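K.L.:
Below you'll find model_30.cif; it's mmCIF, C-alpha atoms.
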data_work
#
loop_
_atom_site.label_atom_id
_atom_site.label_comp_id
_atom_site.auth_asym_id
_atom_site.auth_seq_id
_atom_site.Cartn_x
_atom_site.Cartn_y
_atom_site.Cartn_z
CA ASN A 1 115.21 99.22 87.73
CA ALA A 2 112.08 101.33 87.25
CA GLY A 3 109.67 98.92 88.99
CA VAL A 4 106.19 100.45 89.18
CA THR A 5 105.87 103.94 87.74
CA GLN A 6 102.88 106.17 88.38
CA THR A 7 102.06 109.45 86.66
CA PRO A 8 101.23 112.13 87.48
CA LYS A 9 102.50 112.45 91.04
CA PHE A 10 100.20 115.36 91.79
CA GLN A 11 96.96 116.48 90.15
CA VAL A 12 94.24 118.99 90.95
CA LEU A 13 90.86 118.57 89.31
CA LYS A 14 87.56 120.37 89.39
CA THR A 15 84.39 118.47 90.21
CA GLY A 16 83.07 116.76 87.09
CA GLN A 17 86.35 116.62 85.22
CA SER A 18 87.76 113.33 84.04
CA MET A 19 91.31 112.12 84.12
CA THR A 20 93.48 109.03 83.92
CA LEU A 21 96.14 107.95 86.38
CA GLN A 22 98.81 106.00 84.57
CA CYS A 23 100.58 102.95 85.95
CA ALA A 24 103.32 100.99 84.24
CA GLN A 25 105.51 98.15 85.47
CA ASP A 26 108.56 96.63 83.85
CA MET A 27 108.77 93.42 85.90
CA ASN A 28 106.49 91.34 83.66
CA HIS A 29 104.02 90.92 86.51
CA GLU A 30 100.66 89.47 85.62
CA TYR A 31 98.89 90.91 88.64
CA MET A 32 98.25 94.64 89.01
CA SER A 33 96.01 96.62 91.31
CA TRP A 34 94.94 100.09 92.37
CA TYR A 35 94.47 101.22 95.97
CA ARG A 36 93.44 104.49 97.46
CA GLN A 37 94.80 105.67 100.79
CA ASP A 38 92.85 108.01 103.03
CA PRO A 39 93.70 109.14 106.57
CA GLY A 40 92.45 106.63 109.12
CA MET A 41 91.18 104.28 106.41
CA GLY A 42 94.33 102.45 105.41
CA LEU A 43 94.52 101.20 101.83
CA ARG A 44 91.35 100.17 100.05
CA LEU A 45 91.36 98.13 96.89
CA ILE A 46 89.68 99.82 93.93
CA HIS A 47 90.25 97.46 90.98
CA TYR A 48 92.67 94.70 90.12
CA SER A 49 93.76 92.62 87.18
CA VAL A 50 95.21 89.11 87.01
CA GLY A 51 96.38 89.49 83.43
CA ALA A 52 95.92 91.33 80.17
CA GLY A 53 92.25 91.59 79.24
CA ILE A 54 91.05 90.65 82.74
CA THR A 55 89.91 93.13 85.39
CA ASP A 56 87.75 92.91 88.47
CA GLN A 57 86.35 95.11 91.20
CA GLY A 58 87.81 95.57 94.64
CA GLU A 59 86.30 97.10 97.75
CA VAL A 60 85.57 100.61 96.44
CA PRO A 61 85.16 100.50 92.64
CA ASN A 62 82.41 103.09 92.15
CA GLY A 63 83.46 106.13 90.10
CA TYR A 64 86.53 104.40 88.66
CA ASN A 65 87.22 102.52 85.46
CA VAL A 66 90.16 100.33 84.49
CA SER A 67 91.38 98.40 81.49
CA ARG A 68 94.33 96.09 80.90
CA SER A 69 95.29 95.95 77.25
CA THR A 70 98.93 95.05 77.92
CA THR A 71 100.81 93.29 80.71
CA GLU A 72 102.77 96.46 81.46
CA ASP A 73 100.03 99.08 81.81
CA PHE A 74 97.03 99.42 84.09
CA PRO A 75 95.47 102.90 83.88
CA LEU A 76 92.83 104.10 86.32
CA ARG A 77 90.16 106.43 84.94
CA LEU A 78 88.03 108.84 86.91
CA LEU A 79 84.99 109.45 84.77
CA SER A 80 83.52 112.44 86.63
CA ALA A 81 85.64 113.48 89.56
CA ALA A 82 84.04 114.17 92.93
CA PRO A 83 85.55 115.70 96.09
CA SER A 84 85.19 112.28 97.76
CA GLN A 85 87.83 111.00 95.35
CA THR A 86 90.46 113.29 96.84
CA SER A 87 93.04 110.78 97.96
CA VAL A 88 96.46 109.28 97.40
CA TYR A 89 96.36 106.52 94.82
CA PHE A 90 98.79 103.64 94.70
CA CYS A 91 99.36 101.19 91.91
CA ALA A 92 100.87 97.84 92.85
CA SER A 93 101.93 94.74 90.97
CA SER A 94 102.82 91.20 91.94
CA TYR A 95 104.67 88.26 90.42
CA SER A 96 102.07 85.92 91.85
CA PRO A 97 99.37 84.96 89.36
CA SER A 98 97.11 84.74 92.35
CA GLY A 99 97.42 88.19 93.77
CA LYS A 100 96.56 87.16 97.27
CA SER A 101 99.80 85.31 97.85
CA GLY A 102 102.51 87.40 96.36
CA GLU A 103 104.47 90.40 97.48
CA LEU A 104 103.01 93.64 96.17
CA PHE A 105 105.43 96.12 94.61
CA PHE A 106 104.11 99.64 94.99
CA GLY A 107 104.53 102.79 93.01
CA GLU A 108 105.29 106.06 94.78
CA GLY A 109 101.70 107.22 94.69
CA SER A 110 99.63 109.89 92.95
CA ARG A 111 98.09 112.60 95.08
CA LEU A 112 94.77 113.76 93.64
CA THR A 113 92.77 116.74 94.88
CA VAL A 114 89.26 117.36 93.60
CA LEU A 115 87.89 120.83 94.23
CA ALA B 116 83.36 89.27 105.43
CA GLN B 117 87.10 89.26 105.41
CA SER B 118 88.74 92.00 107.43
CA VAL B 119 91.93 93.07 109.10
CA THR B 120 91.96 94.93 112.39
CA GLN B 121 94.84 96.93 113.76
CA PRO B 122 93.57 98.12 117.12
CA ASP B 123 96.26 100.72 117.73
CA ILE B 124 96.16 103.84 115.56
CA HIS B 125 99.29 105.32 117.14
CA ILE B 126 102.03 103.77 119.24
CA THR B 127 104.94 105.59 120.84
CA VAL B 128 108.03 103.80 122.10
CA SER B 129 111.46 104.92 123.20
CA GLU B 130 114.45 104.20 121.03
CA GLY B 131 115.96 100.90 122.09
CA ALA B 132 112.72 99.59 123.59
CA SER B 133 110.88 96.55 122.30
CA LEU B 134 107.90 96.83 120.00
CA GLU B 135 104.76 94.83 119.34
CA LEU B 136 102.14 95.90 116.82
CA ARG B 137 98.88 94.02 116.92
CA CYS B 138 96.94 92.59 114.00
CA ASN B 139 93.80 90.46 113.98
CA TYR B 140 92.17 89.06 110.87
CA SER B 141 88.85 87.57 109.98
CA TYR B 142 89.01 84.96 107.26
CA GLY B 143 87.58 81.48 107.05
CA ALA B 144 90.35 79.66 105.27
CA THR B 145 94.09 79.48 105.92
CA PRO B 146 95.23 83.05 105.43
CA TYR B 147 98.14 84.55 103.60
CA LEU B 148 99.39 87.28 105.94
CA PHE B 149 101.67 90.23 105.38
CA TRP B 150 103.19 93.22 107.13
CA TYR B 151 104.11 96.29 105.10
CA VAL B 152 105.84 99.52 106.15
CA GLN B 153 105.30 102.96 104.69
CA SER B 154 107.77 105.76 105.28
CA PRO B 155 106.47 109.34 104.86
CA GLY B 156 105.73 110.20 101.25
CA GLN B 157 106.62 106.74 100.03
CA GLY B 158 104.90 103.65 98.77
CA LEU B 159 104.69 100.49 100.84
CA GLN B 160 107.46 97.97 101.31
CA LEU B 161 107.02 94.35 102.37
CA LEU B 162 108.50 93.52 105.78
CA LEU B 163 107.52 89.86 105.97
CA LYS B 164 104.88 87.34 105.00
CA TYR B 165 103.35 84.10 106.25
CA PHE B 166 101.91 81.43 104.00
CA SER B 167 102.39 78.17 105.88
CA GLY B 168 104.84 76.24 108.03
CA ASP B 169 106.74 77.80 110.90
CA THR B 170 104.43 80.25 112.63
CA LEU B 171 107.28 82.58 113.57
CA VAL B 172 108.51 84.39 110.49
CA GLN B 173 111.52 86.62 110.14
CA GLY B 174 111.53 89.71 107.98
CA ILE B 175 113.75 92.56 106.96
CA LYS B 176 115.09 95.26 109.27
CA GLY B 177 115.06 92.93 112.28
CA PHE B 178 111.28 92.46 112.38
CA GLU B 179 109.49 89.21 113.11
CA ALA B 180 105.85 88.18 113.36
CA GLU B 181 104.03 85.26 114.89
CA PHE B 182 100.93 83.65 113.43
CA LYS B 183 98.50 82.38 116.05
CA ARG B 184 95.58 80.62 114.46
CA SER B 185 93.67 80.22 117.73
CA GLN B 186 93.72 83.98 118.25
CA SER B 187 93.44 84.96 114.57
CA SER B 188 96.43 87.17 115.14
CA PHE B 189 99.63 88.06 113.34
CA ASN B 190 101.49 90.47 115.61
CA LEU B 191 104.66 92.21 114.52
CA ARG B 192 107.60 92.48 116.90
CA LYS B 193 111.04 93.98 117.11
CA PRO B 194 113.32 93.59 120.14
CA SER B 195 114.92 97.03 119.94
CA VAL B 196 113.59 99.87 117.80
CA HIS B 197 115.67 102.49 116.04
CA TRP B 198 114.66 106.06 115.21
CA SER B 199 114.53 105.04 111.55
CA ASP B 200 111.67 102.63 112.35
CA ALA B 201 109.28 105.56 112.72
CA ALA B 202 106.71 104.93 109.98
CA GLU B 203 103.25 103.58 109.38
CA TYR B 204 102.79 99.83 109.49
CA PHE B 205 100.07 97.91 107.71
CA CYS B 206 98.92 94.38 108.27
CA ALA B 207 97.31 92.69 105.26
CA VAL B 208 95.61 89.41 104.39
CA GLY B 209 95.27 87.65 101.06
CA VAL B 210 91.66 86.63 100.51
CA GLY B 211 89.60 84.80 97.94
CA ASP B 212 91.56 84.03 94.82
CA ASP B 213 93.31 87.25 94.18
CA LYS B 214 92.85 90.12 96.61
CA ILE B 215 94.98 91.58 99.36
CA ILE B 216 93.07 93.52 102.01
CA PHE B 217 94.83 95.96 104.29
CA GLY B 218 94.20 97.11 107.83
CA LYS B 219 93.93 100.78 108.67
CA GLY B 220 97.50 101.02 109.82
CA THR B 221 99.44 101.82 112.99
CA ARG B 222 101.66 104.87 113.09
CA LEU B 223 104.81 104.29 115.10
CA HIS B 224 106.49 107.20 116.85
CA ILE B 225 109.96 106.87 118.38
CA LEU B 226 111.10 108.91 121.36
CA PRO B 227 114.82 109.72 121.48
#
Please re-express this file's structure in structure tokens.

P.N.:
Amino acid sequence: NAGVTQTPKFQVLKTGQSMTLQCAQDMNHEYMSWYRQDPGMGLRLIHYSVGAGITDQGEVPNGYNVSRSTTEDFPLRLLSAAPSQTSVYFCASSYSPSGKSGELFFGEGSRLTVL
Amino acid sequence: AQSVTQPDIHITVSEGASLELRCNYSYGATPYLFWYVQSPGQGLQLLLKYFSGDTLVQGIKGFEAEFKRSQSSFNLRKPSVHWSDAAEYFCAVGVGDDKIIFGKGTRLHILP
């Protein structure tokens, strides 16, 4: 019953450092996505994937990289962290092959602070 | 461009009172519409969704929403709120082939 698992839950970085937020799901969902949540901004889509080997950009992709080598995992990489990337990050997956129509199952979030 | 507007950032209601949270969307085709709820420190949970058919949809926790195409709206309602309903509520729309876009959210406060 793990669902969507995100690690780490909390992370502090210095400007310019790189890191990877991990996301894994055990529901055999084809669709996975990353959102960031900022006060007053709601959730904004960073990147998404409709299956292994396929990724695409969302609303705010700059500064982030993703890959999808397996159905289960969808890591989000920050190549050179900036203070503007301080946020709470959510990974979500869906059983719908077309992500727009299915229920999203969310992880518990990863809170990232960039100093 | 596709968008979702939640005009109310905060709403305060008394426990036992009725609730309506507003949502307007901008999307050319028939939309897939959702309402999610986020409790403090948690991820989001689906309350209900509309794809087609009956424009009044029932969800979990006693919530319902009505799709009005003429008004491009999908307002969330509950006849009597409970203190446990205090949370942030997000309206969302499925767009294109494979994206779900969220509104900025409405934070609901409950007075005892």

K.L.:
In Å, how far is it from atom CA of B:Val172 to atom CA of B:Gly218?

P.N.:
19.3 Å

K.L.:
With the PyMOL selection byres ((chain A) within 10 of (chain B)) as the selection, what would be picked from this file? Answer as a PyMOL selection string, please.

P.N.:
chain A and resi 31+33+35+37-45+47-50+56-59+89-92+96-109

K.L.:
So which one's closest to B:Tyr142, B:Lys176, B:Arg184, B:His125, B:Lys193? Using only C-alpha atoms, please.

P.N.:
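Going through B:Lys176, B:Arg184, B:His125, B:Lys193 one by one, the smallest distance to B:Tyr142 is for B:Arg184.
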
K.L.:
For B:Leu226, list every protein, DNA or RNA residue within 9 Å, evaluated using all atoms listed in the file, and leave out those in the same chain fewer than 3 positions away; present the list as a ChimeraX atom specification.

P.N.:
/B:127-130,198

K.L.:
Save the residues we just selected, C-alpha atoms, as a PDB file, in the frame of the given file?

P.N.:
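Result saved to out-v5.pdb:
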ATOM      1  CA  THR B 127     104.940 105.590 120.840  1.00  0.00           C
ATOM      2  CA  VAL B 128     108.030 103.800 122.100  1.00  0.00           C
ATOM      3  CA  SER B 129     111.460 104.920 123.200  1.00  0.00           C
ATOM      4  CA  GLU B 130     114.450 104.200 121.030  1.00  0.00           C
ATOM      5  CA  TRP B 198     114.660 106.060 115.210  1.00  0.00           C
TER       6      TRP B 198
END

K.L.:
Hey, what's within 6 Å of B:Ala201 if we count only C-alpha atoms and toss same-chain stuff fewer than 4 positions away? As a PDB file with C-alpha atoms, keeping the file's coordinate frame, please?

P.N.:
ATOM      1  CA  LEU B 223     104.810 104.290 115.100  1.00  0.00           C
ATOM      2  CA  HIS B 224     106.490 107.200 116.850  1.00  0.00           C
ATOM      3  CA  ILE B 225     109.960 106.870 118.380  1.00  0.00           C
TER       4      ILE B 225
END

K.L.:
Using only C-alpha atoms, which protein or nucleic acid residues come within 7 Å of B:Phe182? Drop anything in the same chain fewer than 3 positions from it, and give the result as a list in words.

P.N.:
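Using only C-alpha atoms, the neighbours found are Thr170, Leu171, Ser188 and Phe189 of chain B.
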
K.L.:
Filtering to C-alpha atoms, could you give me those residues as a PDB file, keeping the file's coordinate frame?

P.N.:
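Result file follows (result.pdb):
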ATOM      1  CA  THR B 170     104.430  80.250 112.630  1.00  0.00           C
ATOM      2  CA  LEU B 171     107.280  82.580 113.570  1.00  0.00           C
ATOM      3  CA  SER B 188      96.430  87.170 115.140  1.00  0.00           C
ATOM      4  CA  PHE B 189      99.630  88.060 113.340  1.00  0.00           C
TER       5      PHE B 189
END

K.L.:
Could you state which residues are captured by the PyMOL selection byres ((chain A and resi 23) around 7) in this file, as a list of chain:residue names?

P.N.:
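Applied to this file, the PyMOL selection byres ((chain A and resi 23) around 7) selects A:Val4, A:Thr5, A:Gln6, A:Thr7, A:Leu21, A:Gln22, A:Ala24, A:Gln25, A:Asp73, A:Phe74, A:Pro75, A:Cys91.
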
K.L.:
When the PyMOL selection byres ((chain A and resi 52) around 10) is applied to the file above, which residues end up in the set, as a list in words?

P.N.:
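Against this file, the PyMOL selection byres ((chain A and resi 52) around 10) returns the residues Glu30, Tyr31, Met32, Ser49, Val50, Gly51, Gly53, Ile54, Thr55, Ser67, Arg68, Ser69, Thr70, Thr71, Glu72, Asp73 and Phe74 of chain A.
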
K.L.:
For atom CA of B:Arg137 and atom CA of B:Pro155, quote the distance in Å rounded to one decimal.

P.N.:
20.9 Å

K.L.:
Residues near A:Leu78, anyone? I mean within 6 Å using all atoms listed in the file, not counting same-chain ones fewer than 3 positions away, as a PyMOL selection string.

P.N.:
chain A and resi 18-19+64+81

K.L.:
Reconstruct N, CA and C atoms of stretch 141-171 of chain B; output as a short mmCIF file (atom, residue, chain, number, x, y, z; two decimals), in the frame of the given file.

P.N.:
data_model
loop_
_atom_site.label_atom_id
_atom_site.label_comp_id
_atom_site.auth_asym_id
_atom_site.auth_seq_id
_atom_site.Cartn_x
_atom_site.Cartn_y
_atom_site.Cartn_z
N SER B 141 90.06 88.39 110.05
CA SER B 141 88.85 87.57 109.98
C SER B 141 88.80 86.97 108.60
N TYR B 142 89.00 85.65 108.55
CA TYR B 142 89.01 84.96 107.26
C TYR B 142 88.83 83.49 107.52
N GLY B 143 87.95 82.85 106.76
CA GLY B 143 87.58 81.48 107.05
C GLY B 143 88.65 80.46 106.75
N ALA B 144 89.38 80.66 105.68
CA ALA B 144 90.35 79.66 105.27
C ALA B 144 91.73 80.01 105.83
N THR B 145 92.71 79.19 105.52
CA THR B 145 94.09 79.48 105.92
C THR B 145 94.54 80.77 105.25
N PRO B 146 94.94 81.74 106.02
CA PRO B 146 95.23 83.05 105.43
C PRO B 146 96.66 83.18 104.92
N TYR B 147 96.83 84.04 103.96
CA TYR B 147 98.14 84.55 103.60
C TYR B 147 98.25 85.91 104.31
N LEU B 148 99.28 86.09 105.10
CA LEU B 148 99.39 87.28 105.94
C LEU B 148 100.67 88.04 105.63
N PHE B 149 100.56 89.36 105.73
CA PHE B 149 101.67 90.23 105.38
C PHE B 149 101.76 91.38 106.37
N TRP B 150 102.96 91.92 106.51
CA TRP B 150 103.19 93.22 107.13
C TRP B 150 103.97 94.08 106.14
N TYR B 151 103.45 95.31 105.96
CA TYR B 151 104.11 96.29 105.10
C TYR B 151 104.45 97.52 105.94
N VAL B 152 105.47 98.26 105.49
CA VAL B 152 105.84 99.52 106.15
C VAL B 152 105.82 100.64 105.12
N GLN B 153 105.35 101.79 105.56
CA GLN B 153 105.30 102.96 104.69
C GLN B 153 105.99 104.13 105.37
N SER B 154 107.10 104.56 104.80
CA SER B 154 107.77 105.76 105.28
C SER B 154 107.07 106.98 104.69
N PRO B 155 107.19 108.14 105.32
CA PRO B 155 106.47 109.34 104.86
C PRO B 155 106.72 109.63 103.39
N GLY B 156 105.63 109.83 102.65
CA GLY B 156 105.73 110.20 101.25
C GLY B 156 106.15 109.08 100.33
N GLN B 157 106.16 107.87 100.82
CA GLN B 157 106.62 106.74 100.03
C GLN B 157 105.51 105.72 99.82
N GLY B 158 105.78 104.80 98.91
CA GLY B 158 104.90 103.65 98.77
C GLY B 158 105.18 102.65 99.88
N LEU B 159 104.54 101.51 99.81
CA LEU B 159 104.69 100.49 100.84
C LEU B 159 105.76 99.49 100.47
N GLN B 160 106.42 98.97 101.49
CA GLN B 160 107.46 97.97 101.31
C GLN B 160 107.13 96.76 102.17
N LEU B 161 107.30 95.57 101.63
CA LEU B 161 107.02 94.35 102.37
C LEU B 161 108.07 94.12 103.45
N LEU B 162 107.60 93.89 104.69
CA LEU B 162 108.50 93.52 105.78
C LEU B 162 108.63 92.01 105.90
N LEU B 163 107.51 91.31 105.86
CA LEU B 163 107.52 89.86 105.97
C LEU B 163 106.16 89.32 105.57
N LYS B 164 106.13 87.98 105.41
CA LYS B 164 104.88 87.34 105.00
C LYS B 164 104.81 85.94 105.60
N TYR B 165 103.59 85.46 105.78
CA TYR B 165 103.35 84.10 106.25
C TYR B 165 102.39 83.42 105.29
N PHE B 166 102.79 82.24 104.83
CA PHE B 166 101.91 81.43 104.00
C PHE B 166 101.58 80.11 104.69
N SER B 167 102.60 79.45 105.22
CA SER B 167 102.39 78.17 105.88
C SER B 167 103.67 77.82 106.62
N GLY B 168 103.63 76.71 107.36
CA GLY B 168 104.84 76.24 108.03
C GLY B 168 105.08 76.92 109.35
N ASP B 169 106.34 77.21 109.63
CA ASP B 169 106.74 77.80 110.90
C ASP B 169 105.93 79.06 111.17
N THR B 170 105.32 79.12 112.34
CA THR B 170 104.43 80.25 112.63
C THR B 170 105.18 81.51 113.03
N LEU B 171 106.47 81.41 113.28
CA LEU B 171 107.28 82.58 113.57
C LEU B 171 108.09 82.89 112.33
#
